[in-house]
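S.K.: One file: work_20.txt (compact mmCIF, C-alpha atoms).
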# COMPACT_ATOMS: atom_id res chain seq x y z
CA MET U 594 -11.46 2.71 0.05
CA THR U 595 -9.73 -0.01 2.07
CA ARG U 596 -10.61 -3.67 1.57
CA ALA U 597 -9.54 -6.91 3.20
CA ARG U 598 -5.93 -7.62 2.31
CA THR U 599 -5.67 -11.17 3.62
CA GLU U 600 -7.62 -14.37 3.09
CA ARG U 601 -7.93 -17.06 5.76
CA LEU U 602 -7.64 -20.65 4.56
CA LEU U 603 -7.51 -24.01 6.29
CA VAL U 604 -4.07 -25.60 5.78
CA GLU U 605 -2.27 -28.70 6.94
CA ARG U 606 0.56 -28.12 9.42
CA VAL U 607 3.41 -30.63 9.73
CA ASP U 608 5.75 -30.50 12.76
CA ARG U 609 8.63 -32.66 13.95
CA GLY U 610 8.44 -33.63 17.63
CA ASP U 611 10.23 -36.01 20.00
CA ASP U 612 7.99 -38.84 18.83
CA GLY U 613 8.29 -38.11 15.12
CA TRP U 614 6.11 -36.12 12.73
CA THR U 615 2.70 -34.81 13.70
CA ARG U 616 0.08 -33.46 11.32
CA GLY U 617 -2.91 -31.27 11.91
CA ARG U 618 -5.14 -28.66 10.30
CA ARG U 619 -5.23 -25.02 11.24
CA PRO U 620 -6.27 -21.66 9.75
CA ASP U 621 -3.62 -19.53 8.05
CA ASP U 622 -3.76 -15.97 6.73
CA LEU U 623 -2.54 -15.53 3.14
CA ILE U 624 -1.85 -12.21 1.47
CA VAL U 625 -4.23 -11.23 -1.33
CA GLU U 626 -2.74 -10.42 -4.73
CA GLU U 627 -4.99 -8.94 -7.43
CA PRO U 628 -4.41 -6.95 -10.62
CA MET U 629 -5.08 -3.21 -10.59
CA THR U 630 -5.29 -1.11 -13.73
CA VAL U 631 -4.16 2.51 -13.43
CA GLN U 632 -5.57 5.16 -15.75
CA LEU U 633 -4.43 8.75 -16.12
CA ASP U 634 -7.15 11.08 -17.42
CA GLY U 635 -8.89 8.07 -18.95
CA THR U 636 -5.82 6.51 -20.62
CA VAL U 637 -4.63 3.15 -19.30
CA VAL U 638 -0.99 3.44 -18.24
CA THR U 639 -0.34 0.12 -16.50
CA THR U 640 -1.78 -2.94 -14.83
CA THR U 641 0.11 -4.07 -11.75
CA MET U 642 -0.28 -6.98 -9.37
CA ARG U 643 -0.79 -5.58 -5.88
CA THR U 644 -2.22 -6.13 -2.41
CA PRO U 645 -5.64 -4.39 -2.31
CA GLY U 646 -5.70 -1.40 0.04
CA HIS U 647 -4.43 2.19 -0.27
CA ASP U 648 -5.19 1.87 -3.99
CA TYR U 649 -5.52 5.63 -4.55
CA GLU U 650 -2.08 6.18 -3.05
CA LEU U 651 -0.63 3.46 -5.26
CA ALA U 652 -2.13 4.96 -8.42
CA ALA U 653 -1.04 8.51 -7.59
CA GLY U 654 2.40 7.38 -6.47
CA PHE U 655 2.95 5.36 -9.63
CA CYS U 656 1.94 8.24 -11.90
CA PHE U 657 4.18 10.62 -9.95
CA THR U 658 7.32 8.46 -9.75
CA ASP U 659 7.05 7.43 -13.40
CA GLY U 660 7.01 11.10 -14.38
CA LEU U 661 3.55 10.86 -15.94
CA LEU U 662 2.14 13.83 -14.04
CA ALA U 663 4.93 16.12 -15.27
CA GLY U 664 4.14 18.58 -12.48
CA ALA U 665 0.37 18.50 -12.99
CA PRO U 666 -1.67 18.50 -9.76
CA VAL U 667 -3.99 15.60 -9.00
CA HIS U 668 -7.57 16.90 -8.96
CA GLY U 669 -9.27 13.61 -8.18
CA ILE U 670 -8.94 9.85 -7.94
CA ARG U 671 -11.73 7.31 -8.26
CA TYR U 672 -12.39 3.68 -8.93
CA CYS U 673 -13.25 2.83 -12.53
CA ALA U 674 -13.68 5.48 -15.21
CA ASP U 675 -16.98 5.02 -17.00
CA GLY U 676 -18.82 2.32 -15.06
CA SER U 677 -19.46 0.82 -11.67
CA ALA U 678 -16.57 0.27 -9.30
CA VAL U 679 -18.32 -2.89 -8.16
CA ASP U 680 -18.38 -4.22 -11.72
CA SER U 681 -14.61 -3.78 -11.97
CA GLN U 682 -14.20 -5.30 -8.49
CA PHE U 683 -12.40 -2.14 -7.34
CA ASN U 684 -9.47 -3.10 -9.56
CA VAL U 685 -9.47 -0.05 -11.86
CA VAL U 686 -8.31 3.32 -10.53
CA THR U 687 -8.36 6.58 -12.48
CA VAL U 688 -6.10 9.52 -11.61
CA GLU U 689 -7.47 12.82 -12.88
CA THR U 690 -5.60 16.03 -13.67
CA GLY U 691 -8.27 17.58 -15.87
CA GLY U 692 -6.14 16.93 -18.93
CA VAL U 693 -3.24 19.02 -17.63
CA ALA U 694 -0.82 16.09 -17.55
CA PRO U 695 0.66 15.04 -20.92
CA THR U 696 -1.15 12.24 -22.70
CA PRO U 697 0.60 9.13 -21.36
CA THR U 698 2.09 6.28 -23.34
CA PRO U 699 0.66 3.03 -21.98
CA ARG U 700 3.00 0.29 -20.76
CA LEU U 701 2.74 -2.94 -22.71
CA GLY U 702 1.67 -5.97 -20.71
CA THR U 703 1.28 -6.37 -16.97
CA THR U 704 3.70 -5.11 -14.35
CA SER U 705 4.42 -7.94 -11.92
CA SER U 706 4.61 -7.39 -8.19
CA SER U 707 8.42 -7.30 -8.34
CA CYS U 708 9.45 -6.08 -11.80
CA GLY U 709 10.69 -2.67 -12.76
CA TRP U 710 13.27 -1.42 -15.19
CA CYS U 711 14.93 -3.19 -18.09
CA GLY U 712 18.48 -1.81 -18.06
CA SER U 713 20.93 1.06 -18.26
CA ASP U 714 19.08 2.88 -21.06
CA GLN U 715 16.43 3.85 -18.53
CA LEU U 716 19.12 5.31 -16.27
CA THR U 717 20.01 7.79 -19.00
CA GLU U 718 16.34 8.61 -19.49
CA LEU U 719 15.90 9.14 -15.75
CA ALA U 720 18.93 11.43 -15.54
CA ASP U 721 17.51 13.44 -18.43
CA ARG U 722 14.21 13.83 -16.56
CA LEU U 723 15.52 14.56 -13.04
CA ASP U 724 18.15 16.96 -11.75
CA PRO U 725 20.74 15.80 -9.21
CA LEU U 726 19.54 16.27 -5.64
CA PRO U 727 20.58 19.57 -4.02
CA PRO U 728 23.00 19.62 -1.05
CA TYR U 729 21.48 18.53 2.24
CA GLU U 730 22.35 17.68 5.81
CA PRO U 731 23.00 13.92 6.15
CA PHE U 732 21.03 11.81 8.60
CA PRO U 733 22.92 10.81 11.77
CA LEU U 734 24.35 7.30 11.56
CA ASP U 735 22.46 6.22 14.69
CA VAL U 736 19.18 7.20 13.02
CA LEU U 737 19.87 5.16 9.89
CA ALA U 738 20.84 2.13 11.96
CA SER U 739 17.63 2.32 13.98
CA VAL U 740 15.10 2.48 11.15
CA THR U 741 14.83 -1.25 10.42
CA ASP U 742 13.74 -2.16 13.94
CA ARG U 743 11.32 0.76 14.10
CA VAL U 744 9.52 -0.27 10.91
CA ILE U 745 9.36 -3.97 11.81
CA ASP U 746 7.24 -3.15 14.85
CA ASP U 747 4.51 -1.77 12.55
CA GLN U 748 4.52 -4.43 9.81
CA SER U 749 1.16 -5.92 10.74
CA LEU U 750 0.55 -7.65 7.41
CA PHE U 751 3.98 -9.27 7.46
CA ALA U 752 3.38 -10.45 11.01
CA ARG U 753 0.17 -12.16 9.87
CA THR U 754 1.32 -13.58 6.53
CA GLY U 755 5.12 -13.39 6.23
CA SER U 756 4.77 -12.62 2.51
CA VAL U 757 4.74 -8.85 1.99
CA HIS U 758 7.26 -6.06 1.66
CA ALA U 759 7.24 -2.78 3.55
CA ALA U 760 8.27 0.76 2.72
CA ALA U 761 8.35 3.74 5.04
CA ALA U 762 9.13 7.43 5.06
CA PHE U 763 10.97 8.43 8.24
CA ASP U 764 11.96 11.76 9.74
CA ARG U 765 15.29 12.96 11.07
CA THR U 766 14.74 11.21 14.39
CA GLY U 767 14.14 7.87 12.64
CA THR U 768 10.43 7.92 13.43
CA PRO U 769 8.28 6.44 10.62
CA VAL U 770 5.89 9.04 9.17
CA VAL U 771 4.14 6.70 6.71
CA ILE U 772 4.39 2.88 6.53
CA ARG U 773 2.81 0.83 3.76
CA GLU U 774 2.92 -2.91 2.97
CA ASP U 775 2.30 -4.70 -0.31
CA VAL U 776 3.15 -7.92 -2.07
CA GLY U 777 5.22 -5.78 -4.45
CA ARG U 778 8.24 -3.80 -3.29
CA HIS U 779 7.70 -0.99 -5.75
CA ASN U 780 3.98 -0.89 -4.91
CA ALA U 781 4.78 -0.35 -1.22
CA VAL U 782 7.03 2.57 -2.17
CA ASP U 783 4.43 4.07 -4.50
CA LYS U 784 1.85 3.86 -1.70
CA VAL U 785 4.17 5.77 0.64
CA ILE U 786 4.87 8.45 -1.96
CA GLY U 787 1.20 8.58 -2.94
CA SER U 788 0.25 9.11 0.70
CA LEU U 789 2.64 12.05 0.97
CA LEU U 790 1.43 13.47 -2.33
CA LEU U 791 -2.27 13.24 -1.51
CA ASP U 792 -2.34 13.87 2.25
CA ARG U 793 0.80 15.93 2.80
CA PRO U 794 1.57 17.63 -0.54
CA SER U 795 3.99 20.01 1.16
CA ARG U 796 6.20 16.98 1.98
CA VAL U 797 6.90 16.34 -1.73
CA PRO U 798 9.71 16.73 -2.61
CA ALA U 799 10.51 14.76 0.53
CA ASP U 800 13.85 16.44 1.15
CA ASP U 801 13.43 16.29 4.94
CA LEU U 802 12.61 12.56 5.00
CA GLY U 803 14.37 9.26 4.37
CA LEU U 804 12.95 6.21 2.58
CA PHE U 805 13.15 2.64 3.92
CA VAL U 806 12.54 -0.54 1.90
CA SER U 807 12.35 -4.00 3.40
CA GLY U 808 13.94 -5.85 0.47
CA ARG U 809 16.78 -5.16 -1.91
CA ALA U 810 17.46 -1.69 -3.27
CA SER U 811 16.87 -2.16 -6.98
CA ILE U 812 17.01 0.49 -9.67
CA GLU U 813 13.29 1.19 -9.45
CA MET U 814 13.63 1.89 -5.71
CA VAL U 815 16.29 4.51 -6.47
CA GLN U 816 14.17 5.91 -9.30
CA LYS U 817 11.19 6.40 -7.01
CA ALA U 818 13.25 7.84 -4.16
CA TRP U 819 14.96 10.27 -6.54
CA SER U 820 11.68 11.26 -8.21
CA ALA U 821 10.07 12.05 -4.85
CA GLY U 822 13.07 14.03 -3.61
CA PHE U 823 14.24 11.68 -0.85
CA HIS U 824 17.92 12.26 -0.10
CA THR U 825 18.44 8.93 1.67
CA LEU U 826 17.40 5.36 0.86
CA VAL U 827 18.05 2.53 3.32
CA ALA U 828 17.39 -1.14 2.58
CA VAL U 829 17.40 -4.35 4.55
CA SER U 830 19.18 -6.17 1.71
CA ALA U 831 21.76 -5.27 -0.92
CA PRO U 832 21.42 -2.92 -3.87
CA THR U 833 22.04 -3.85 -7.48
CA SER U 834 24.98 -2.37 -9.38
CA LEU U 835 22.63 -0.31 -11.55
CA ALA U 836 20.92 1.04 -8.44
CA VAL U 837 24.28 2.18 -7.07
CA ARG U 838 25.13 3.90 -10.35
CA ALA U 839 21.78 5.70 -10.30
CA ALA U 840 22.15 6.71 -6.63
CA ARG U 841 25.60 8.17 -7.22
CA ARG U 842 24.34 10.06 -10.24
CA ALA U 843 21.48 11.45 -8.17
CA GLY U 844 23.62 12.37 -5.16
CA LEU U 845 21.51 10.04 -3.04
CA VAL U 846 22.69 8.30 0.12
CA LEU U 847 22.16 4.57 -0.44
CA ALA U 848 22.70 2.17 2.46
CA GLY U 849 22.17 -1.59 2.41
CA PHE U 850 22.13 -4.47 4.90
CA VAL U 851 20.95 -1.92 7.48
CA ARG U 852 20.99 -3.32 11.01
CA PRO U 853 21.28 -1.72 14.45
CA ASP U 854 24.96 -2.69 14.61
CA GLY U 855 25.98 -1.43 11.17
CA PHE U 856 25.36 -1.18 7.43
CA ASN U 857 27.06 -0.78 4.07
CA VAL U 858 27.17 2.60 2.32
CA TYR U 859 27.14 2.35 -1.47
CA SER U 860 26.56 6.00 -2.30
CA ALA U 861 26.94 9.21 -0.30
CA PRO U 862 26.52 12.91 -1.22
CA THR U 863 30.03 13.41 -2.61
CA GLU U 864 31.99 10.33 -1.53
CA ALA U 865 30.99 6.74 -2.23
CA ASP U 866 32.76 5.51 0.89
CA GLY U 867 30.40 7.27 3.29
CA ARG U 868 32.88 9.74 4.79
CA ASN U 869 30.41 12.54 4.25
CA LEU U 870 27.59 10.85 6.14
CA GLY U 871 26.49 12.21 9.47
CA SER U 872 28.29 11.11 12.61
Using structure tokens, write down the structure from this file.
M.R.:
Amino acid sequence: MTRARTERLLVERVDRGDDGWTRGRRPDDLIVEEPMTVQLDGTVVTTTMRTPGHDYELAAGFCFTDGLLAGAPVHGIRYCADGSAVDSQFNVVTVETGGVAPTPTPRLGTTSSSCGWCGSDQLTELADRLDPLPPYEPFPLDVLASVTDRVIDDQSLFARTGSVHAAAAFDRTGTPVVIREDVGRHNAVDKVIGSLLLDRPSRVPADDLGLFVSGRASIEMVQKAWSAGFHTLVAVSAPTSLAVRAARRAGLVLAGFVRPDGFNVYSAPTEADGRNLGS
């Protein structure tokens, strides 16, 4: 179910002109941020602040990238668990595997729209859970450089509000396959992965696709890319040092500051300096 993701308010606009400051009132679209509780087979696993819309994808993507499904197929997703979706204001989503998935351990507290991991201990846990990515053919450099501009053209929520992040899965030509926007960077990624998982299950692991993120490449971005089988992660901004360590451990191409005229390569399949990238 898709709901309105922006709210229009009347705001005061202040501009400097040749004759000094002018003031006036005008409507402005603001992004909506609401809490969403995710349950797996009836057990609450997290509450995250998100932009309403593509909620089923977000819930499925979160459960998948956090390793909660443990290979179990998703049999169904619905709002609420034992009551009316209207009563919960469509802010509770239940992912169902028929009890096949292991009983999850709930997260304590609320996941903010930008938080993720706590430190290097989780890197060890992630490496224990996931195998290094198998060998693959690198994306051409021209394709990686083109992705940012291609995604910007389809960031409709950002164009209206200027306050959301975007994530996209793109193919070997650089064409976006799925684009999702959300107030949270990790939510946008989970929505992309959830879309692939629910609508195109044969695309997961996504070993024939790359993953784009509009912000920095933090450790949770690498975690999610690695979990979903992406071999390449490109970001508009820089990665963190822990993200680079995780990408190198995974064998994941990690590029930052991606622009049409160039980018930095922080991790490549076998060489950190990018010599084994495509040409």
S.K.: So that I can check the surroundings of range 721-736 of chain U, please list as a PyMOL selection string every protein, DNA and RNA residue that reaches within 9 Å of it, counting all atoms listed in the file and ignoring chain neighbours fewer than 4 positions away.
M.R.: chain U and resi 660+716-717+740+765-768+800-801+803+819-820+822-825+842-846+853+855+861-862+869-872
S.K.: Would you mind reading off the distance between CA of Ala752 in chain U and CA of Val829 in chain U, one decimal, in Å?
M.R.: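 Going from CA of Ala752 in chain U over to CA of Val829 in chain U, I get 16.6 Å.
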S.K.: Rounded to one decimal, what separation in Å do you get between CA of Val776 in chain U and CA of Val625 in chain U?
M.R.: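 Between CA of Val776 in chain U and CA of Val625 in chain U the gap works out to 8.1 Å.
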S.K.: I want to know what sits within 7 Å of range 615-618 of chain U, based on only C-alpha atoms, with residues of the same chain fewer than 5 positions away left out; could you give that as a JSON list (two decimals) with C-alpha atoms, in the frame of the given file?
M.R.:
[["chain", "number", "residue", "atom", "x", "y", "z"],
["U", 603, "LEU", "CA", -7.51, -24.01, 6.29],
["U", 604, "VAL", "CA", -4.07, -25.60, 5.78],
["U", 605, "GLU", "CA", -2.27, -28.70, 6.94],
["U", 606, "ARG", "CA", 0.56, -28.12, 9.42],
["U", 607, "VAL", "CA", 3.41, -30.63, 9.73],
["U", 608, "ASP", "CA", 5.75, -30.50, 12.76],
["U", 609, "ARG", "CA", 8.63, -32.66, 13.95]]
S.K.: Out of U:Gly610, U:Gly654, U:Glu774, U:Asp764, which residue has the shortest atom-to-atom distance to Ser739 in chain U when counting only C-alpha atoms?
M.R.: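 Closest residue, counting only C-alpha atoms: U:Asp764.
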S.K.: Using all atoms listed in the file, pick whichever of U:Ala720, U:Ala781, U:Ala665, U:Ile786 has the shortest atom-to-atom distance to Ala840 in chain U.
M.R.: U:Ala720
S.K.: May I ask for the distance between CA of Gly808 in chain U and CA of Asn780 in chain U, given in Å to one decimal place?
M.R.: 12.4 Å
